[in-house]
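Shown here: entry_34.cif, mmCIF, C-alpha atoms.
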```
data_model
loop_
_atom_site.label_atom_id
_atom_site.label_comp_id
_atom_site.auth_asym_id
_atom_site.auth_seq_id
_atom_site.Cartn_x
_atom_site.Cartn_y
_atom_site.Cartn_z
CA MET A 1 -2.72 13.50 -8.38
CA ASP A 2 -1.85 9.98 -9.47
CA ALA A 3 -3.86 8.64 -6.57
CA ALA A 4 -6.83 10.78 -7.61
CA TYR A 5 -6.54 9.66 -11.20
CA THR A 6 -6.12 6.00 -10.26
CA LEU A 7 -9.22 6.04 -8.07
CA ALA A 8 -11.24 7.85 -10.74
CA ARG A 9 -9.97 5.43 -13.34
CA TYR A 10 -11.17 2.40 -11.40
CA LEU A 11 -14.45 3.98 -10.45
CA THR A 12 -15.34 5.10 -13.95
CA ARG A 13 -13.53 2.18 -15.63
CA ASN A 14 -12.64 4.52 -18.45
CA ALA A 15 -9.60 6.74 -19.04
CA HIS A 16 -11.50 9.59 -20.61
CA ASP A 17 -14.14 9.84 -17.90
CA ALA A 18 -11.47 9.53 -15.25
CA GLU A 19 -9.77 12.67 -16.56
CA ASP A 20 -13.02 14.59 -16.52
CA VAL A 21 -13.81 13.40 -13.01
CA VAL A 22 -10.41 14.45 -11.68
CA GLN A 23 -10.64 17.85 -13.27
CA ASP A 24 -14.13 18.33 -11.94
CA ALA A 25 -13.03 17.13 -8.51
CA CYS A 26 -10.13 19.58 -8.41
CA LEU A 27 -12.52 22.43 -9.12
CA ARG A 28 -14.79 21.25 -6.37
CA ALA A 29 -11.84 20.89 -4.06
CA LEU A 30 -10.99 24.52 -4.72
CA LYS A 31 -14.54 25.56 -3.98
CA TYR A 32 -14.75 23.60 -0.76
CA PHE A 33 -11.24 24.24 0.46
CA ASP A 34 -12.69 25.97 3.52
CA THR A 35 -14.44 22.82 4.63
CA PHE A 36 -11.15 20.98 4.64
CA ARG A 37 -9.65 23.55 6.96
CA GLY A 38 -12.45 22.75 9.34
CA ALA A 39 -12.39 19.00 9.03
CA GLU A 40 -9.84 17.88 11.57
CA GLY A 41 -8.28 14.48 11.67
CA ALA A 42 -8.80 13.76 8.01
CA SER A 43 -5.63 13.74 5.95
CA ALA A 44 -5.40 16.06 2.95
CA ARG A 45 -5.12 13.06 0.68
CA ALA A 46 -8.23 11.43 2.09
CA TRP A 47 -10.07 14.72 1.71
CA LEU A 48 -9.16 15.10 -1.95
CA LEU A 49 -9.89 11.45 -2.70
CA ALA A 50 -13.26 11.77 -1.02
CA ILE A 51 -14.10 14.56 -3.44
CA VAL A 52 -12.87 12.49 -6.37
CA ARG A 53 -14.97 9.61 -5.20
CA ASN A 54 -18.13 11.67 -4.77
CA THR A 55 -17.57 13.31 -8.13
CA ALA A 56 -17.19 9.92 -9.78
CA TYR A 57 -20.36 8.66 -8.13
CA SER A 58 -22.43 11.62 -9.18
CA TRP A 59 -21.03 11.29 -12.70
CA ARG A 60 -22.01 7.72 -12.82
CA GLY A 61 -25.46 8.56 -11.60
CA ARG A 62 -25.76 11.19 -14.28
CA ARG A 63 -24.33 9.20 -17.13
CA ARG A 64 -25.40 5.72 -16.11
CA MET A 65 -21.94 4.37 -16.64
CA ASP A 66 -22.85 1.40 -14.58
CA GLY A 67 -25.62 -0.92 -15.66
CA ALA A 68 -27.10 -0.96 -12.18
CA ALA A 69 -26.48 2.60 -11.19
CA THR A 70 -28.30 2.78 -7.91
CA GLU A 71 -28.71 -0.75 -6.62
CA PHE A 72 -25.51 -2.67 -6.24
CA ASP A 73 -26.70 -6.22 -6.10
CA GLU A 74 -23.49 -8.13 -5.62
CA THR A 75 -24.81 -11.49 -6.66
CA GLN A 76 -26.01 -9.98 -9.87
CA HIS A 77 -22.61 -8.47 -10.41
CA SER A 78 -20.67 -11.62 -9.80
CA ASP A 79 -22.96 -13.45 -12.20
CA ALA A 80 -22.10 -11.12 -15.02
CA VAL A 81 -19.42 -13.41 -16.36
CA ALA A 82 -16.69 -12.64 -18.83
CA ASP A 83 -18.22 -15.03 -21.35
CA GLU A 84 -20.21 -12.26 -22.93
CA HIS A 85 -16.92 -10.93 -24.20
CA PRO A 86 -15.97 -12.49 -27.53
CA ASP A 87 -12.32 -12.60 -26.52
CA GLY A 88 -13.19 -14.03 -23.13
CA ALA A 89 -11.18 -17.21 -23.55
CA VAL A 90 -8.06 -15.37 -24.57
CA LEU A 91 -8.39 -12.79 -21.83
CA ARG A 92 -8.95 -15.35 -19.14
CA SER A 93 -5.63 -16.99 -19.82
CA ASP A 94 -3.94 -13.77 -18.86
CA ALA A 95 -3.68 -13.43 -15.09
CA LYS A 96 -3.45 -9.68 -15.32
CA GLU A 97 -6.57 -9.43 -17.38
CA THR A 98 -8.45 -11.89 -15.19
CA LEU A 99 -7.81 -9.95 -12.04
CA HIS A 100 -8.47 -6.64 -13.68
CA ARG A 101 -11.82 -7.83 -14.95
CA ALA A 102 -12.68 -9.39 -11.61
CA LEU A 103 -12.01 -6.05 -9.98
CA GLU A 104 -14.04 -4.15 -12.55
CA ARG A 105 -16.95 -6.47 -12.00
CA LEU A 106 -17.07 -5.74 -8.30
CA ALA A 107 -19.64 -3.23 -7.19
CA PRO A 108 -18.00 0.20 -6.83
CA GLU A 109 -18.19 0.18 -3.03
CA PHE A 110 -16.12 -2.96 -3.02
CA ARG A 111 -13.84 -1.89 -5.84
CA GLU A 112 -12.94 1.37 -4.15
CA VAL A 113 -11.89 -0.19 -0.84
CA ILE A 114 -9.58 -2.58 -2.70
CA VAL A 115 -8.05 0.28 -4.71
CA LEU A 116 -7.59 2.48 -1.65
CA ARG A 117 -6.18 -0.30 0.48
CA GLU A 118 -4.06 -2.35 -1.91
CA LEU A 119 -2.95 0.30 -4.40
CA GLU A 120 -2.86 3.41 -2.24
CA GLY A 121 -1.97 1.65 1.00
CA MET A 122 -4.44 3.70 3.03
CA SER A 123 -5.38 2.86 6.59
CA TYR A 124 -8.91 1.79 7.49
CA LYS A 125 -9.48 5.19 9.05
CA GLU A 126 -8.42 7.01 5.89
CA ILE A 127 -10.57 4.77 3.74
CA SER A 128 -13.51 5.44 6.03
CA ASP A 129 -12.90 9.18 5.55
CA VAL A 130 -12.81 8.80 1.79
CA ALA A 131 -15.82 6.54 1.49
CA GLY A 132 -17.79 8.32 4.20
CA VAL A 133 -18.66 5.12 6.05
CA PRO A 134 -17.65 3.82 9.49
CA VAL A 135 -14.42 1.86 9.87
CA GLY A 136 -16.43 -1.28 10.61
CA THR A 137 -18.10 -1.00 7.23
CA VAL A 138 -14.71 -0.55 5.57
CA MET A 139 -13.54 -3.76 7.24
CA SER A 140 -16.49 -5.84 6.19
CA ARG A 141 -16.43 -4.46 2.65
CA LEU A 142 -12.74 -5.25 2.33
CA SER A 143 -13.27 -8.79 3.54
CA ARG A 144 -16.17 -9.39 1.19
CA ALA A 145 -14.41 -7.78 -1.74
CA ARG A 146 -11.39 -10.01 -1.21
CA ALA A 147 -13.50 -13.11 -0.84
CA ARG A 148 -15.28 -12.23 -4.06
CA LEU A 149 -12.04 -11.64 -5.94
CA GLN A 150 -10.63 -14.95 -4.77
CA GLU A 151 -13.83 -16.66 -5.84
CA THR A 152 -13.71 -15.13 -9.30
CA LEU A 153 -10.06 -16.03 -9.70
CA ARG A 154 -10.72 -19.62 -8.68
CA GLU A 155 -13.55 -19.85 -11.17
CA ALA A 156 -11.33 -18.43 -13.89
CA GLU A 157 -8.63 -20.97 -13.11
CA GLY A 158 -11.10 -23.82 -13.02
CA ARG A 159 -12.33 -23.18 -16.51
CA MET B 1 -10.74 -22.95 20.22
CA THR B 2 -12.85 -20.46 18.33
CA HIS B 3 -11.70 -19.23 14.96
CA PRO B 4 -11.24 -15.53 14.40
CA GLY B 5 -13.62 -14.04 11.85
CA GLU B 6 -12.50 -13.35 8.31
CA THR B 7 -12.77 -9.64 8.97
CA GLU B 8 -10.50 -9.97 11.95
CA LEU B 9 -7.95 -11.97 10.00
CA ASP B 10 -8.05 -9.37 7.26
CA ALA B 11 -7.53 -6.62 9.80
CA TYR B 12 -4.56 -8.55 11.15
CA LEU B 13 -3.06 -8.96 7.69
CA ASP B 14 -3.64 -5.26 7.05
CA GLY B 15 -1.77 -4.42 10.22
CA GLU B 16 -4.89 -2.83 11.68
CA LEU B 17 -5.29 -5.07 14.70
CA ALA B 18 -4.20 -3.91 18.15
CA ALA B 19 -0.94 -5.52 19.26
CA VAL B 20 -2.58 -7.67 21.92
CA ASP B 21 -5.21 -9.02 19.55
CA ALA B 22 -2.59 -9.55 16.87
CA ARG B 23 -0.46 -11.66 19.19
CA GLU B 24 -3.45 -13.74 20.21
CA LEU B 25 -4.31 -14.28 16.58
CA GLU B 26 -0.75 -15.26 15.74
CA THR B 27 -0.88 -17.90 18.44
CA HIS B 28 -4.04 -19.24 16.91
CA LEU B 29 -2.60 -19.15 13.40
CA ALA B 30 0.39 -21.17 14.51
CA GLN B 31 -1.85 -24.12 15.34
CA CYS B 32 -4.78 -23.75 12.98
CA ALA B 33 -4.36 -25.15 9.48
CA GLU B 34 -7.66 -23.72 8.34
CA CYS B 35 -6.85 -20.15 9.28
CA THR B 36 -3.34 -20.53 7.90
CA ARG B 37 -4.84 -21.59 4.59
CA PHE B 38 -7.10 -18.58 4.69
CA ARG B 39 -4.16 -16.31 5.40
CA ASP B 40 -2.09 -17.80 2.58
CA GLY B 41 -4.98 -17.32 0.17
CA ARG B 42 -5.29 -13.69 1.18
CA LEU B 43 -1.55 -13.11 0.90
CA ALA B 44 -1.55 -14.65 -2.55
CA LEU B 45 -4.43 -12.40 -3.56
CA ARG B 46 -2.59 -9.36 -2.26
CA THR B 47 0.51 -10.27 -4.24
CA ALA B 48 -1.63 -10.87 -7.31
CA ILE B 49 -3.34 -7.50 -6.94
CA GLN B 50 -0.12 -5.66 -6.36
CA THR B 51 1.60 -7.22 -9.35
CA ASN B 52 -1.35 -7.26 -11.73
CA VAL B 53 -3.48 -4.26 -10.91
CA PRO B 54 -1.66 -1.08 -11.89
CA ARG B 55 -1.80 2.37 -10.41
CA PHE B 56 -2.25 4.92 -13.12
CA ALA B 57 -0.10 7.98 -13.60
CA ALA B 58 -2.17 11.05 -14.34
CA PRO B 59 -1.53 11.97 -17.98
CA ASP B 60 0.24 15.26 -18.66
CA THR B 61 -2.76 16.53 -20.58
CA LEU B 62 -4.82 16.16 -17.42
CA ARG B 63 -2.25 18.03 -15.33
CA HIS B 64 -2.34 20.88 -17.81
CA ARG B 65 -6.10 20.90 -17.93
CA VAL B 66 -6.38 21.00 -14.16
CA ARG B 67 -3.85 23.78 -13.86
CA ALA B 68 -5.57 25.80 -16.55
CA SER B 69 -9.04 25.35 -15.11
CA LEU B 70 -7.87 26.22 -11.61
CA LYS B 71 -6.44 29.44 -12.94
CA THR B 72 -9.66 30.53 -14.55
CA ALA B 73 -11.74 29.35 -11.62
CA ALA B 74 -9.73 31.24 -9.02
CA PRO B 75 -11.79 34.46 -8.93
CA GLY B 76 -14.95 32.39 -8.69
CA PRO B 77 -17.76 32.20 -6.17
CA ALA B 78 -15.37 31.81 -3.27
CA SER B 79 -13.96 35.30 -3.70
CA ARG B 80 -17.40 36.84 -3.66
CA ARG B 81 -18.15 35.06 -0.45
CA VAL B 82 -15.04 36.03 1.43
CA GLY B 83 -15.31 39.64 0.40
CA LEU B 84 -12.70 42.23 -0.35
CA ALA B 85 -10.43 41.60 2.61
CA GLY B 86 -9.93 38.04 1.53
CA TRP B 87 -9.63 38.66 -2.20
CA TRP B 88 -6.24 36.94 -2.26
CA ARG B 89 -7.41 33.72 -0.68
CA PRO B 90 -8.83 32.00 -3.73
CA LEU B 91 -5.57 32.76 -5.49
CA ALA B 92 -3.64 31.23 -2.64
CA LEU B 93 -5.90 28.22 -2.70
CA ALA B 94 -5.52 27.86 -6.44
CA ALA B 95 -1.79 28.13 -6.07
CA SER B 96 -1.63 25.51 -3.36
CA LEU B 97 -3.89 23.17 -5.28
CA ALA B 98 -1.82 23.66 -8.39
CA ALA B 99 1.28 22.90 -6.38
CA VAL B 100 -0.44 19.79 -5.18
CA ALA B 101 -1.28 18.89 -8.72
CA ILE B 102 2.27 19.40 -9.86
CA GLY B 103 3.69 16.88 -7.49
CA SER B 104 4.71 18.18 -4.10
CA TRP B 105 1.66 16.27 -2.96
CA ASN B 106 3.19 12.97 -3.94
CA LEU B 107 6.44 13.89 -2.31
CA ALA B 108 4.74 14.68 0.97
CA LEU B 109 2.81 11.45 0.79
CA GLN B 110 5.91 9.42 0.16
CA ARG B 111 7.57 11.11 3.09
CA ALA B 112 4.62 10.35 5.32
CA ALA B 113 4.58 6.74 4.18
CA GLY B 114 8.32 6.50 4.79
CA LEU B 115 7.90 7.81 8.32
CA ALA B 116 5.18 5.31 9.11
CA LEU B 117 7.36 2.54 7.75
CA ALA B 118 10.34 3.69 9.82
CA ASP B 119 8.10 3.51 12.89
CA ASP B 120 7.09 -0.02 11.96
CA VAL B 121 10.66 -1.14 11.50
CA LEU B 122 11.82 0.49 14.69
CA THR B 123 9.00 -1.03 16.74
CA SER B 124 9.90 -4.42 15.40
CA HIS B 125 13.56 -3.84 16.17
CA ILE B 126 12.81 -2.87 19.77
CA ARG B 127 10.54 -5.87 20.20
CA SER B 128 13.31 -8.10 18.89
CA LEU B 129 15.58 -6.89 21.69
CA MET B 130 13.25 -8.37 24.29
CA PRO B 131 14.32 -11.81 25.46
CA GLY B 132 13.45 -14.60 23.08
CA HIS B 133 12.26 -12.36 20.26
CA LEU B 134 15.41 -11.88 18.24
CA THR B 135 15.50 -14.98 16.12
CA ASP B 136 13.24 -17.78 14.99
CA VAL B 137 16.18 -19.70 13.60
CA VAL B 138 19.44 -19.41 15.48
CA SER B 139 22.44 -20.04 13.30
CA THR B 140 25.62 -18.35 12.26
CA ASP B 141 25.54 -20.37 9.06
CA GLN B 142 24.00 -18.62 6.10
CA HIS B 143 23.31 -22.03 4.54
CA THR B 144 21.07 -22.88 7.47
CA VAL B 145 19.32 -19.53 7.71
CA LYS B 146 18.51 -19.11 4.01
CA PRO B 147 16.69 -22.44 3.55
CA TRP B 148 14.80 -21.84 6.79
CA PHE B 149 12.87 -19.07 5.02
CA ASN B 150 11.69 -21.44 2.32
CA GLY B 151 7.98 -21.96 2.56
CA ARG B 152 7.70 -19.29 5.21
CA LEU B 153 7.92 -16.41 2.77
CA ASP B 154 6.96 -15.91 -0.85
CA PHE B 155 10.54 -14.91 -1.64
CA SER B 156 13.96 -16.30 -0.85
CA PRO B 157 16.02 -13.58 0.81
CA PRO B 158 19.77 -13.37 0.20
CA VAL B 159 21.62 -14.31 3.40
CA HIS B 160 25.28 -13.56 4.00
CA ASP B 161 27.52 -13.93 7.02
CA PHE B 162 29.89 -11.05 7.69
CA ALA B 163 31.79 -12.64 10.59
CA PRO B 164 35.20 -12.05 8.94
CA GLN B 165 34.38 -8.34 8.78
CA GLY B 166 33.26 -8.31 12.41
CA TYR B 167 29.50 -8.59 11.89
CA PRO B 168 28.60 -12.23 12.62
CA LEU B 169 25.23 -13.51 11.51
CA LEU B 170 23.12 -14.50 14.52
CA GLY B 171 20.04 -15.85 12.84
CA GLY B 172 16.83 -14.94 11.10
CA ARG B 173 13.18 -14.46 11.83
CA LEU B 174 9.89 -13.55 10.24
CA ASP B 175 8.23 -10.26 10.89
CA TYR B 176 5.32 -8.27 9.66
CA VAL B 177 6.04 -4.81 8.26
CA ASP B 178 4.33 -2.55 5.75
CA GLY B 179 1.41 -4.91 5.44
CA ARG B 180 3.40 -7.98 4.48
CA SER B 181 5.59 -10.75 5.87
CA VAL B 182 9.24 -9.86 5.68
CA ALA B 183 12.57 -11.51 6.34
CA VAL B 184 14.70 -10.19 9.17
CA LEU B 185 18.36 -11.08 9.59
CA ALA B 186 20.04 -10.41 12.90
CA TYR B 187 23.73 -9.54 13.09
CA GLY B 188 25.98 -8.79 16.02
CA ARG B 189 28.69 -6.20 16.46
CA ARG B 190 30.36 -6.35 19.87
CA GLN B 191 27.43 -5.79 22.26
CA HIS B 192 25.21 -4.27 19.61
CA LEU B 193 22.51 -5.87 17.54
CA ILE B 194 21.70 -5.06 13.96
CA ASN B 195 18.44 -6.04 12.35
CA VAL B 196 18.22 -6.16 8.57
CA PHE B 197 14.67 -6.11 7.23
CA LEU B 198 14.13 -7.00 3.61
CA TRP B 199 11.29 -7.76 1.27
CA PRO B 200 10.77 -7.66 -2.50
CA ALA B 201 10.82 -4.17 -3.97
CA THR B 202 7.78 -2.88 -5.79
CA ARG B 203 9.13 0.56 -6.55
CA ALA B 204 12.08 1.89 -8.49
CA PRO B 205 15.42 1.37 -6.77
CA GLY B 206 17.07 4.14 -4.77
CA ALA B 207 20.57 2.87 -4.12
CA THR B 208 21.89 5.57 -1.78
CA PRO B 209 21.04 4.66 1.80
CA ARG B 210 18.88 7.23 3.52
CA ALA B 211 19.46 7.70 7.21
CA ARG B 212 16.98 8.41 9.95
CA ASP B 213 17.42 8.65 13.69
CA ARG B 214 14.69 7.65 16.07
CA GLN B 215 14.76 7.40 19.84
CA GLY B 216 18.50 6.86 19.84
CA TYR B 217 18.41 4.24 17.12
CA HIS B 218 19.77 4.66 13.63
CA LEU B 219 17.91 3.49 10.59
CA LEU B 220 19.27 3.11 7.08
CA HIS B 221 17.01 2.48 4.16
CA TRP B 222 17.65 1.70 0.51
CA THR B 223 16.05 -0.14 -2.34
CA THR B 224 17.78 -2.35 -4.87
CA SER B 225 16.17 -3.61 -8.04
CA ASP B 226 15.10 -6.71 -6.08
CA TYR B 227 14.66 -5.78 -2.45
CA VAL B 228 13.69 -3.06 -0.04
CA TYR B 229 16.21 -2.89 2.80
CA TRP B 230 15.89 -1.38 6.25
CA VAL B 231 18.79 -1.65 8.66
CA VAL B 232 18.27 -0.70 12.31
CA SER B 233 20.69 -0.61 15.21
CA ASP B 234 21.94 1.38 18.16
CA LEU B 235 25.36 1.05 16.60
CA GLY B 236 27.14 4.30 15.61
CA THR B 237 26.23 5.73 12.23
CA VAL B 238 29.69 5.25 10.78
CA GLU B 239 29.85 1.56 11.57
CA LEU B 240 26.29 1.07 10.50
CA ARG B 241 27.06 2.62 7.14
CA ASP B 242 30.04 0.30 6.80
CA PHE B 243 27.78 -2.60 7.51
CA ALA B 244 25.20 -1.38 5.01
CA GLN B 245 27.93 -1.19 2.43
CA LEU B 246 28.89 -4.82 3.11
CA VAL B 247 25.29 -5.87 2.62
CA GLN B 248 25.04 -3.90 -0.60
CA GLN B 249 28.28 -5.35 -1.94
CA ALA B 250 27.27 -8.91 -1.09
CA ASP B 251 23.90 -8.28 -2.66
CA SER B 252 25.25 -6.92 -5.92
CA ALA B 253 27.92 -9.64 -6.06
CA ALA B 254 25.20 -12.26 -5.70
CA ALA B 255 23.15 -10.55 -8.38
CA VAL B 256 26.10 -10.79 -10.78
CA THR B 257 27.03 -14.41 -10.10
CA ALA B 258 23.45 -15.64 -10.07
CA PRO B 259 21.43 -13.65 -12.58
CA ARG B 260 17.76 -14.23 -12.18
#
```
So that I can check it, write out the structure of this file as structure tokens.
Amino acid sequence: MDAAYTLARYLTRNAHDAEDVVQDACLRALKYFDTFRGAEGASARAWLLAIVRNTAYSWRGRRRMDGAATEFDETQHSDAVADEHPDGAVLRSDAKETLHRALERLAPEFREVIVLRELEGMSYKEISDVAGVPVGTVMSRLSRARARLQETLREAEGR
Amino acid sequence: MTHPGETELDAYLDGELAAVDARELETHLAQCAECTRFRDGRLALRTAIQTNVPRFAAPDTLRHRVRASLKTAAPGPASRRVGLAGWWRPLALAASLAAVAIGSWNLALQRAAGLALADDVLTSHIRSLMPGHLTDVVSTDQHTVKPWFNGRLDFSPPVHDFAPQGYPLLGGRLDYVDGRSVAVLAYGRRQHLINVFLWPATRAPGATPRARDRQGYHLLHWTTSDYVYWVVSDLGTVELRDFAQLVQQADSAAAVTAPR
């Protein structure tokens, strides 16, 4: 449940929406429980998180939580700098805040692999089950997400 | 020599590379400053993420909401589909999902994670028994072994010699467990070897050692406020517990005399 909430929280970037997403996802999970029985090889956790993820994505599509809801242009995302925030200077000095913001600025596909790998400790295979993409894609997304985070952190330190 | 790709290095650091490829990559890392820099950057990022990016606990209000909505949803579309004979199934599903929501889920996950970790530790222990794999630094002197870890790890593990108690320190080495570099201390007891794995704790301490047996080996595991400990050996359980107690005592004594 914590894993579901954490994923939803990072995908929606909002505590309130995260709660709604998890609740919605649990209802869907109930409805599609049969499909889990059939899906072999996928862990129960990956199955539930996949539903949470899909629920969060369809929510975002519906509510336009993200500025660029359909196209995830990474360069555009990494250009959206913290400066627009009036407290930017204060926040940047805080390592916690810097990293958190860097993560939130990643496109969701990149954010989710970081959350699933680093916070939930999932294997590539499990992540691929959750995200519904091949393991190879998981690998390249992880690598790029990490490179991007390091880049953002370096920039933040440099300023 | 060709450099491994970033993706491959990441896979290695995530413990997702096949053993053969991992060994090849380690050989390369040992002589390539560029890749070592890359690795260190990634390890630093991982530490930063794990210390700065929190997991969130689902609020109680959410747990209640989910439980309540599952209850009302139980006789929903699913029951109509499965028909009369299966009228109880949605209820069973709701019950199991609610159980999941309440927390048995987390427990099962922790257990699964613990099992995987035990496998990791055991594999490493068995590998260390092969000739030439036990120690990177051979010394019975804790004041030689401890400084050896400096710069090789992002923490400075406590090292104690228990020779007077019959468990001489043999040396130390680096290993890779649970997705991170860890310190391993090797001790002897007659003809038996004991490996002590430790790395900084990220979870709440659980002081009582938990025992597992695998393939004739005994594993003890506990967590202090500072470190996660795994002790593996083919030594008898009783002696191994004695040894674990020595380690715990030395650890807590050190924590008292040198508060951090």
Q. Skipping near chain neighbours, those fewer than 3 positions away, what residues fall within 10 Å of Leu193 (chain B) using only C-alpha atoms, listed as JSON, numbers by chain?
A. {"B": [125, 128, 129, 134, 167, 170, 186, 187, 188, 189, 190, 196, 232, 233, 234, 235]}
Can you sort out the box for region 105-109 of chain A, edges along x, y and z, all listed atoms in, 4 Å on every side, with centre and edge lengths in Å to one decimal, as JSON?
```
{"center_x": -18.3, "center_y": -3.1, "center_z": -7.5, "size_x": 10.7, "size_y": 14.7, "size_z": 17.0}
```
Q | Contact set, chain B to chain A: 6 Å, only C-alpha atoms, as an MDAnalysis selection string | A | chainID B and resid 7 52 55:58 66 101
Q. Between CA of Thr224 (chain B) and CA of Ser252 (chain B), what is the spacing in Å?
A.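 Answer for the CA of Ser252 (chain B) to CA of Thr224 (chain B) separation: 8.8 Å.
For the residues A:Leu48, A:Val135, A:Arg105, A:Ser128, ranking by smallest atom-to-atom distance to Leu11 (chain A) using only C-alpha atoms places A:Arg105 first.
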Q: Work out how far CA of Leu169 (chain B) is from CA of Val138 (chain B), in Å to one decimal.
A: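 Separation of CA of Val138 (chain B) and CA of Leu169 (chain B): 9.2 Å.
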(Q) So the first atom is CA of Ala183 (chain B) and the second is CA of Arg154 (chain A); what is the distance between them in Å, to one decimal place? (A)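 A separation of 28.9 Å between them.
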Q: Run the PyMOL selection byres ((chain B and resi 151-164) around 9) against the file shown and list the residues it catches, as a count of residues only.
A: 34
Q. So what does the PyMOL selection byres ((chain B and resi 22) around 12) actually pick up in this one, as a list of chain:residue names?
A. B:Pro4, B:Glu8, B:Leu9, B:Asp10, B:Ala11, B:Tyr12, B:Leu13, B:Asp14, B:Gly15, B:Glu16, B:Leu17, B:Ala18, B:Ala19, B:Val20, B:Asp21, B:Arg23, B:Glu24, B:Leu25, B:Glu26, B:Thr27, B:His28, B:Leu29, B:Tyr176
